[in-house]
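Visitor: Just so it is clear, I am handing over work-v4.cif, which has mmCIF, C-alpha atoms.
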```cif
data_upload
#
loop_
_atom_site.label_atom_id
_atom_site.label_comp_id
_atom_site.auth_asym_id
_atom_site.auth_seq_id
_atom_site.Cartn_x
_atom_site.Cartn_y
_atom_site.Cartn_z
CA MET R 7 19.02 47.81 14.60
CA GLY R 8 16.53 48.68 11.85
CA ASP R 9 13.04 47.25 11.42
CA VAL R 10 14.17 44.86 8.68
CA GLN R 11 17.03 43.53 10.79
CA ARG R 12 14.77 43.11 13.83
CA ALA R 13 12.23 41.21 11.75
CA GLU R 14 14.94 38.96 10.31
CA SER R 15 16.36 38.30 13.79
CA SER R 16 12.90 37.43 15.14
CA ASN R 17 12.25 35.05 12.24
CA LYS R 18 15.57 33.27 12.85
CA ALA R 19 14.74 32.98 16.54
CA ARG R 20 11.34 31.41 15.78
CA LEU R 21 12.92 28.91 13.43
CA ALA R 22 15.61 28.10 16.00
CA ILE R 23 13.14 27.43 18.80
CA MET R 24 11.05 25.25 16.48
CA GLU R 25 14.14 23.20 15.67
CA LEU R 26 15.03 22.89 19.36
CA ALA R 27 11.48 21.85 20.24
CA ASN R 28 11.59 19.13 17.60
CA MET R 29 15.18 18.04 18.29
CA ILE R 30 13.93 14.72 19.66
CA SER R 31 13.37 13.68 16.05
CA VAL R 32 17.15 13.41 15.56
CA PRO R 33 17.97 10.82 18.27
CA MET R 34 14.72 8.95 17.59
CA SER R 35 15.60 8.73 13.90
CA LEU R 36 19.10 7.53 14.79
CA ASN R 37 17.49 4.94 17.00
CA ALA R 38 15.27 3.86 14.09
CA ILE R 39 18.06 3.38 11.56
CA VAL R 40 20.13 1.44 14.09
CA ARG R 41 17.20 -0.87 14.88
CA LEU R 42 16.62 -1.34 11.16
CA ASN R 43 20.35 -2.07 10.64
CA VAL R 44 20.55 0.52 7.86
CA PRO R 45 24.24 1.46 8.31
CA ASP R 46 25.45 -2.14 7.94
CA ALA R 47 23.09 -2.65 5.00
CA ILE R 48 24.64 0.27 3.12
CA TRP R 49 28.22 -0.44 4.19
CA GLN R 50 28.26 -4.07 3.00
CA GLY R 51 31.85 -4.80 3.94
CA GLY R 52 33.19 -1.41 2.87
CA ALA R 53 31.40 -0.92 -0.43
CA ASN R 54 29.28 2.00 0.81
CA THR R 55 27.56 2.04 -2.55
CA PRO R 56 24.75 4.62 -2.74
CA LEU R 57 21.43 2.79 -2.42
CA SER R 58 17.83 3.78 -2.92
CA VAL R 59 15.36 3.25 -0.08
CA VAL R 60 13.91 0.29 -1.97
CA GLN R 61 17.36 -1.30 -2.21
CA ILE R 62 18.03 -0.64 1.48
CA LEU R 63 14.71 -2.22 2.47
CA SER R 64 15.51 -5.29 0.39
CA ARG R 65 18.64 -5.77 2.50
CA VAL R 66 17.16 -5.11 5.94
CA LEU R 67 13.93 -6.98 5.14
CA PRO R 68 14.91 -9.80 2.75
CA SER R 69 11.44 -11.34 3.03
CA GLY R 70 9.86 -8.14 1.71
CA GLY R 71 7.69 -5.42 3.14
CA GLY R 72 8.44 -2.08 4.72
CA ASP R 73 7.48 1.47 3.77
CA PRO R 74 10.06 3.16 1.51
CA GLU R 75 8.46 6.59 1.87
CA ASN R 76 8.78 6.59 5.65
CA LEU R 77 12.35 5.31 5.45
CA GLN R 78 13.17 8.08 2.97
CA ARG R 79 11.83 10.71 5.35
CA ILE R 80 14.11 9.42 8.10
CA LEU R 81 17.16 9.25 5.82
CA ARG R 82 16.61 12.73 4.38
CA MET R 83 16.29 14.22 7.83
CA LEU R 84 19.49 12.53 9.03
CA THR R 85 21.20 13.63 5.82
CA SER R 86 20.64 17.21 6.96
CA TYR R 87 22.61 16.33 10.12
CA GLY R 88 25.50 14.77 8.23
CA VAL R 89 24.80 11.08 8.89
CA PHE R 90 24.16 10.20 5.23
CA ASP R 91 25.11 11.61 1.85
CA GLU R 92 22.22 11.98 -0.59
CA HIS R 93 22.83 11.29 -4.29
CA LEU R 94 20.31 12.42 -6.90
CA ASN R 95 20.01 10.31 -10.02
CA CYS R 96 18.32 12.45 -12.66
CA SER R 97 16.97 10.43 -15.57
CA GLY R 98 16.26 13.45 -17.74
CA ASP R 99 12.55 12.74 -17.66
CA ASP R 100 10.88 15.85 -16.20
CA SER R 101 7.72 13.86 -15.43
CA HIS R 102 9.45 11.99 -12.61
CA SER R 103 11.28 13.17 -9.51
CA PRO R 104 14.99 12.27 -9.41
CA GLU R 105 15.79 9.01 -7.64
CA ARG R 106 17.47 9.56 -4.31
CA LYS R 107 20.21 7.25 -3.11
CA TYR R 108 22.09 7.25 0.18
CA SER R 109 25.60 6.41 1.35
CA LEU R 110 27.29 6.80 4.73
CA THR R 111 29.31 9.84 5.75
CA ASP R 112 32.12 9.55 8.29
CA ILE R 113 29.50 10.13 10.98
CA GLY R 114 27.32 7.37 9.58
CA LYS R 115 30.28 4.99 9.44
CA THR R 116 30.60 5.11 13.23
CA LEU R 117 27.35 3.07 13.33
CA VAL R 118 28.81 0.26 11.19
CA THR R 119 29.73 -2.96 13.00
CA ASP R 120 33.49 -3.55 12.74
CA ALA R 121 35.49 -6.80 12.69
CA GLU R 122 35.39 -6.93 16.51
CA GLY R 123 31.62 -6.59 16.55
CA LEU R 124 31.79 -3.01 17.86
CA SER R 125 30.23 0.26 16.74
CA TYR R 126 28.52 3.31 18.18
CA ALA R 127 25.12 1.76 17.41
CA PRO R 128 24.70 0.28 20.93
CA TYR R 129 25.57 3.72 22.34
CA VAL R 130 22.60 5.13 20.44
CA LEU R 131 20.29 2.36 21.64
CA GLN R 132 21.51 2.62 25.23
CA HIS R 133 20.44 6.25 25.48
CA HIS R 134 16.91 5.50 24.34
CA GLN R 135 15.92 2.55 26.48
CA ASP R 136 12.43 2.79 27.91
CA ALA R 137 13.57 3.28 31.51
CA LEU R 138 15.68 6.30 30.56
CA MET R 139 13.05 7.77 28.28
CA ARG R 140 10.52 7.65 31.11
CA ALA R 141 12.81 9.80 33.25
CA TRP R 142 13.41 12.66 30.82
CA PRO R 143 9.95 14.26 31.12
CA LEU R 144 10.58 14.51 34.89
CA VAL R 145 13.86 16.46 34.70
CA HIS R 146 12.14 19.68 35.83
CA GLU R 147 11.17 17.93 39.06
CA ALA R 148 14.87 17.67 39.95
CA VAL R 149 14.70 21.45 40.32
CA LEU R 150 11.45 21.46 42.28
CA ASN R 151 12.47 18.61 44.58
CA PRO R 152 16.13 17.53 44.41
CA THR R 153 15.72 14.84 47.07
CA SER R 154 14.52 12.32 44.48
CA GLU R 155 16.08 11.62 41.10
CA PRO R 156 13.96 11.69 37.92
CA PHE R 157 15.01 8.11 37.21
CA VAL R 158 13.83 6.98 40.64
CA LYS R 159 10.49 8.77 40.23
CA ALA R 160 9.98 7.14 36.85
CA ASN R 161 11.17 3.63 37.70
CA GLY R 162 10.95 3.22 41.46
CA GLU R 163 14.69 2.83 42.14
CA GLY R 164 18.08 4.24 41.19
CA ALA R 165 19.60 3.65 37.78
CA TYR R 166 22.48 1.43 38.88
CA SER R 167 20.35 -0.91 41.00
CA TYR R 168 17.75 -1.00 38.21
CA TYR R 169 20.38 -1.90 35.61
CA GLY R 170 21.74 -4.56 37.94
CA LYS R 171 18.39 -6.36 37.80
CA LYS R 172 18.06 -6.09 34.02
CA PRO R 173 20.70 -8.25 32.28
CA GLU R 174 19.67 -7.04 28.82
CA MET R 175 20.08 -3.39 29.82
CA ASN R 176 23.37 -4.06 31.57
CA GLY R 177 24.64 -5.98 28.54
CA LEU R 178 23.70 -3.17 26.18
CA MET R 179 25.44 -0.65 28.43
CA GLN R 180 28.64 -2.71 28.41
CA LYS R 181 28.52 -3.08 24.63
CA ALA R 182 27.92 0.66 24.26
CA MET R 183 30.90 1.46 26.49
CA SER R 184 33.11 -0.94 24.53
CA GLY R 185 32.07 0.62 21.23
CA VAL R 186 32.95 4.08 22.52
CA SER R 187 36.12 3.37 24.50
CA VAL R 188 38.01 1.03 22.16
CA PRO R 189 38.54 3.55 19.29
CA PHE R 190 39.64 6.25 21.73
CA MET R 191 42.01 3.95 23.61
CA ARG R 192 43.48 2.74 20.32
CA ALA R 193 44.23 6.36 19.37
CA ILE R 194 45.70 7.09 22.82
CA LEU R 195 48.02 4.08 22.71
CA ASP R 196 49.17 5.00 19.21
CA GLY R 197 50.27 8.48 20.29
CA TYR R 198 51.04 8.28 24.02
CA ASP R 199 53.76 6.30 25.80
CA GLY R 200 53.25 7.59 29.34
CA LEU R 201 52.02 4.22 30.54
CA LYS R 202 55.26 2.37 29.92
CA GLY R 203 56.57 3.29 33.37
CA VAL R 204 53.38 2.37 35.23
CA LYS R 205 53.49 -0.71 37.50
CA ARG R 206 49.86 -0.90 38.61
CA LEU R 207 46.86 0.65 36.89
CA VAL R 208 43.30 0.88 38.26
CA ASP R 209 40.46 1.54 35.85
CA VAL R 210 37.62 2.93 37.98
CA GLY R 211 34.35 2.09 36.27
CA GLY R 212 36.23 -0.09 33.80
CA SER R 213 33.10 -1.91 32.58
CA ALA R 214 34.09 -4.95 30.48
CA GLY R 215 37.77 -4.08 30.83
CA ASP R 216 38.38 -3.20 27.19
CA CYS R 217 40.74 -0.31 27.95
CA LEU R 218 42.78 -2.37 30.41
CA ARG R 219 42.95 -5.26 27.97
CA MET R 220 44.39 -3.01 25.26
CA ILE R 221 46.85 -1.37 27.66
CA LEU R 222 48.07 -4.73 29.01
CA GLN R 223 48.52 -6.08 25.50
CA LYS R 224 50.94 -3.23 24.79
CA TYR R 225 52.47 -3.09 28.28
CA PRO R 226 52.33 -6.65 29.70
CA HIS R 227 54.42 -5.67 32.75
CA VAL R 228 51.53 -3.55 34.10
CA GLU R 229 49.25 -5.05 36.76
CA GLY R 230 45.69 -4.07 35.89
CA ILE R 231 42.74 -3.69 38.26
CA ASN R 232 39.23 -3.39 36.85
CA PHE R 233 37.10 -1.65 39.51
CA ASP R 234 33.35 -1.66 38.94
CA LEU R 235 29.96 -2.76 40.27
CA PRO R 236 29.42 -6.46 41.08
CA GLU R 237 26.96 -7.07 38.24
CA VAL R 238 29.38 -5.44 35.79
CA VAL R 239 32.47 -7.30 37.00
CA ALA R 240 30.52 -10.58 36.91
CA LYS R 241 29.97 -10.17 33.17
CA ALA R 242 33.45 -8.88 32.34
CA PRO R 243 35.70 -11.38 30.53
CA SER R 244 38.88 -12.60 32.19
CA ILE R 245 41.95 -10.61 31.15
CA PRO R 246 45.50 -11.97 31.68
CA GLY R 247 47.34 -9.77 34.18
CA CYS R 248 44.15 -8.07 35.34
CA VAL R 249 42.29 -8.44 38.65
CA ALA R 250 38.57 -7.63 38.78
CA VAL R 251 37.46 -5.82 41.94
CA LYS R 252 33.81 -5.30 42.90
CA VAL R 253 32.51 -2.02 44.23
CA LEU R 254 30.74 -3.13 47.38
CA ILE R 255 29.14 0.27 47.95
CA ASP R 256 27.72 2.13 44.98
CA CYS R 257 29.54 5.43 45.39
CA ARG R 258 27.76 6.77 42.29
CA ARG R 259 24.26 6.52 43.73
CA ASP R 260 24.08 10.32 44.13
CA SER R 261 24.26 10.84 40.36
CA ARG R 262 20.96 12.45 39.56
CA TRP R 263 21.26 11.97 35.82
CA GLY R 264 22.56 8.38 35.67
#
```
Here is a file; write its structure as structure tokens.

Guide:
Amino acid sequence: MGDVQRAESSNKARLAIMELANMISVPMSLNAIVRLNVPDAIWQGGANTPLSVVQILSRVLPSGGGDPENLQRILRMLTSYGVFDEHLNCSGDDSHSPERKYSLTDIGKTLVTDAEGLSYAPYVLQHHQDALMRAWPLVHEAVLNPTSEPFVKANGEGAYSYYGKKPEMNGLMQKAMSGVSVPFMRAILDGYDGLKGVKRLVDVGGSAGDCLRMILQKYPHVEGINFDLPEVVAKAPSIPGCVAVKVLIDCRRDSRWG
């Protein structure tokens, strides 16, 4: 490798490590646009019309206010990761910068609330709850002392018992799991018929029972069993043909990353 190639390789490596070191800006920006309800504001029932940051703010903050410049920074950064499409509206006047407008890509559309009230937005929020964020800086301690989980060190108890005492966290987790599992199960049921011969089906860690509900709707002869923690089963809706079973012992307590 020549001097020029070595220099180019070193420069790429420096840029790559800078991007990795700042990668937290991506999930935090996703968290911001979900909290601001930007995807639904742009989508507007399927229109997905490109909007300027001022137009977006007028929809998420009808009473006024907000900082369009800061919102634009977030949207431009997420555009570089394929969440939004950026549209430049050039007026022909060289004295002004082109107006930037934003619409949703296919990735961005996953954050839009559908007719069932589901999306991947709760999945984004679930990963960035305060209790989880407190644990991440302690991940290295799992190497130094594996007898205690980072989550326990940060919050005083294991993740599942902690969630069990926090209805709002538990509710968000269930909504996140529904938003993720329903689209996948819909695709599975559309292309797979291997369940038609099943008599009894146990969904271990079935959460709110969305997957079982969809399976039983297509195959009503199947007896479904939703197997999960007591606080999860207690919140799960009743499903015809399905029995909810509580996990009396938390067999997942050894999960160091939960």

Visitor: For this structure, which residues satisfy the selection - the PyMOL selection byres ((chain R and resi 44) around 10) - when it is evaluated on the file as given? I want them as a PDB file with C-alpha atoms, in the frame of the given file.

Guide:
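Output (result_17.pdb):
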```
ATOM      1  CA  LEU R  36      19.100   7.530  14.790  1.00  0.00           C
ATOM      2  CA  ALA R  38      15.270   3.860  14.090  1.00  0.00           C
ATOM      3  CA  ILE R  39      18.060   3.380  11.560  1.00  0.00           C
ATOM      4  CA  VAL R  40      20.130   1.440  14.090  1.00  0.00           C
ATOM      5  CA  ARG R  41      17.200  -0.870  14.880  1.00  0.00           C
ATOM      6  CA  LEU R  42      16.620  -1.340  11.160  1.00  0.00           C
ATOM      7  CA  ASN R  43      20.350  -2.070  10.640  1.00  0.00           C
ATOM      8  CA  PRO R  45      24.240   1.460   8.310  1.00  0.00           C
ATOM      9  CA  ASP R  46      25.450  -2.140   7.940  1.00  0.00           C
ATOM     10  CA  ALA R  47      23.090  -2.650   5.000  1.00  0.00           C
ATOM     11  CA  ILE R  48      24.640   0.270   3.120  1.00  0.00           C
ATOM     12  CA  TRP R  49      28.220  -0.440   4.190  1.00  0.00           C
ATOM     13  CA  VAL R  59      15.360   3.250  -0.080  1.00  0.00           C
ATOM     14  CA  ILE R  62      18.030  -0.640   1.480  1.00  0.00           C
ATOM     15  CA  LEU R  63      14.710  -2.220   2.470  1.00  0.00           C
ATOM     16  CA  ARG R  65      18.640  -5.770   2.500  1.00  0.00           C
ATOM     17  CA  VAL R  66      17.160  -5.110   5.940  1.00  0.00           C
ATOM     18  CA  LEU R  77      12.350   5.310   5.450  1.00  0.00           C
ATOM     19  CA  LEU R  81      17.160   9.250   5.820  1.00  0.00           C
ATOM     20  CA  LEU R 110      27.290   6.800   4.730  1.00  0.00           C
ATOM     21  CA  GLY R 114      27.320   7.370   9.580  1.00  0.00           C
ATOM     22  CA  LEU R 117      27.350   3.070  13.330  1.00  0.00           C
ATOM     23  CA  VAL R 118      28.810   0.260  11.190  1.00  0.00           C
TER      24      VAL R 118
END
```

Visitor: Do you have the atom CA of R:Met83-atom CA of R:Ser15 distance handy?

Guide: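 Value for the atom CA of R:Met83-atom CA of R:Ser15 distance: 24.8 Å.
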
Visitor: Taking the file as shown, find all residues satisfying the PyMOL selection byres ((chain R and resi 124) around 12) and write them as number ranges by chain.

Guide: R: 46, 115-123, 125-129, 178, 180-189, 216

Visitor: Please report the interatomic distance between atom CA of R:Pro104 and atom CA of R:Leu57 in Å with one decimal.

Guide: 13.4 Å

Visitor: In Å, how far is it from atom CA of R:Ser244 to atom CA of R:Arg206?

Guide: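 Separation of atom CA of R:Ser244 and atom CA of R:Arg206: 17.3 Å.
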
Visitor: Selected by the PyMOL selection byres ((chain R and resi 33) around 12) in the shown coordinates: which residues, as a list in words?

Guide: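 Here the PyMOL selection byres ((chain R and resi 33) around 12) matches Asn28, Met29, Ile30, Ser31, Val32, Met34, Ser35, Leu36, Asn37, Ala38, Ile39, Val40, Ile80, Met83, Leu84, Tyr87, Val89, Ala127, Tyr129, Val130, Leu131, Gln132, His133, His134, Gln135 and Met139 of chain R.
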
Visitor: Find the spatial neighbours of R:Glu147, counting only C-alpha atoms, within a cut-off of 12 Å - ignore same-chain residues fewer than 3 positions away - and output them as a list in words.

Guide: Ala141, Trp142, Pro143, Leu144, Leu150, Asn151, Pro152, Thr153, Ser154, Glu155, Pro156, Phe157, Val158, Lys159, Ala160 and Arg262 of chain R

Visitor: Complete stretch 159-191 of chain R with N, CA and C atoms (output as a compact mmCIF listing (two decimals), in the coordinates of the input).

Guide:
```
# COMPACT_ATOMS: atom_id res chain seq x y z
N LYS R 159 11.92 8.45 40.32
CA LYS R 159 10.49 8.77 40.23
C LYS R 159 9.82 8.00 39.09
N ALA R 160 10.56 7.81 38.02
CA ALA R 160 9.98 7.14 36.85
C ALA R 160 9.98 5.63 36.99
N ASN R 161 10.98 5.08 37.70
CA ASN R 161 11.17 3.63 37.70
C ASN R 161 11.17 2.98 39.08
N GLY R 162 11.08 3.79 40.12
CA GLY R 162 10.95 3.22 41.46
C GLY R 162 12.24 2.92 42.18
N GLU R 163 13.39 3.06 41.51
CA GLU R 163 14.69 2.83 42.14
C GLU R 163 15.77 3.50 41.31
N GLY R 164 16.97 3.59 41.88
CA GLY R 164 18.08 4.24 41.19
C GLY R 164 18.53 3.49 39.95
N ALA R 165 19.22 4.21 39.08
CA ALA R 165 19.60 3.65 37.78
C ALA R 165 20.51 2.44 37.92
N TYR R 166 21.50 2.51 38.80
CA TYR R 166 22.48 1.43 38.88
C TYR R 166 21.88 0.15 39.46
N SER R 167 21.01 0.29 40.47
CA SER R 167 20.35 -0.91 41.00
C SER R 167 19.36 -1.46 39.98
N TYR R 168 18.71 -0.58 39.24
CA TYR R 168 17.75 -1.00 38.21
C TYR R 168 18.48 -1.78 37.11
N TYR R 169 19.60 -1.23 36.66
CA TYR R 169 20.38 -1.90 35.61
C TYR R 169 20.87 -3.26 36.10
N GLY R 170 21.23 -3.31 37.40
CA GLY R 170 21.74 -4.56 37.94
C GLY R 170 20.74 -5.69 37.90
N LYS R 171 19.45 -5.35 37.85
CA LYS R 171 18.39 -6.36 37.80
C LYS R 171 17.93 -6.65 36.38
N LYS R 172 18.47 -5.95 35.41
CA LYS R 172 18.06 -6.09 34.02
C LYS R 172 19.27 -6.50 33.16
N PRO R 173 19.51 -7.79 33.02
CA PRO R 173 20.70 -8.25 32.28
C PRO R 173 20.78 -7.69 30.86
N GLU R 174 19.62 -7.55 30.19
CA GLU R 174 19.67 -7.04 28.82
C GLU R 174 20.10 -5.58 28.78
N MET R 175 19.67 -4.79 29.76
CA MET R 175 20.08 -3.39 29.82
C MET R 175 21.55 -3.27 30.19
N ASN R 176 21.98 -4.07 31.15
CA ASN R 176 23.37 -4.06 31.57
C ASN R 176 24.29 -4.50 30.43
N GLY R 177 23.85 -5.50 29.68
CA GLY R 177 24.64 -5.98 28.54
C GLY R 177 24.76 -4.93 27.46
N LEU R 178 23.67 -4.22 27.19
CA LEU R 178 23.70 -3.17 26.18
C LEU R 178 24.62 -2.03 26.62
N MET R 179 24.56 -1.69 27.91
CA MET R 179 25.44 -0.65 28.43
C MET R 179 26.90 -1.03 28.24
N GLN R 180 27.26 -2.27 28.56
CA GLN R 180 28.64 -2.71 28.41
C GLN R 180 29.08 -2.67 26.95
N LYS R 181 28.19 -3.09 26.06
CA LYS R 181 28.52 -3.08 24.63
C LYS R 181 28.68 -1.64 24.13
N ALA R 182 27.83 -0.75 24.64
CA ALA R 182 27.92 0.66 24.26
C ALA R 182 29.25 1.25 24.71
N MET R 183 29.65 0.94 25.96
CA MET R 183 30.90 1.46 26.49
C MET R 183 32.10 0.91 25.72
N SER R 184 32.03 -0.36 25.32
CA SER R 184 33.11 -0.94 24.53
C SER R 184 33.21 -0.24 23.17
N GLY R 185 32.08 -0.02 22.54
CA GLY R 185 32.07 0.62 21.23
C GLY R 185 32.63 2.02 21.26
N VAL R 186 32.45 2.71 22.38
CA VAL R 186 32.95 4.08 22.52
C VAL R 186 34.41 4.09 22.93
N SER R 187 34.78 3.27 23.90
CA SER R 187 36.12 3.37 24.50
C SER R 187 37.23 2.78 23.65
N VAL R 188 36.94 1.70 22.92
CA VAL R 188 38.01 1.03 22.16
C VAL R 188 38.65 1.95 21.11
N PRO R 189 37.88 2.67 20.27
CA PRO R 189 38.54 3.55 19.29
C PRO R 189 39.38 4.64 19.94
N PHE R 190 38.88 5.20 21.05
CA PHE R 190 39.64 6.25 21.73
C PHE R 190 40.92 5.70 22.35
N MET R 191 40.82 4.53 22.99
CA MET R 191 42.01 3.95 23.61
C MET R 191 43.03 3.55 22.55
```
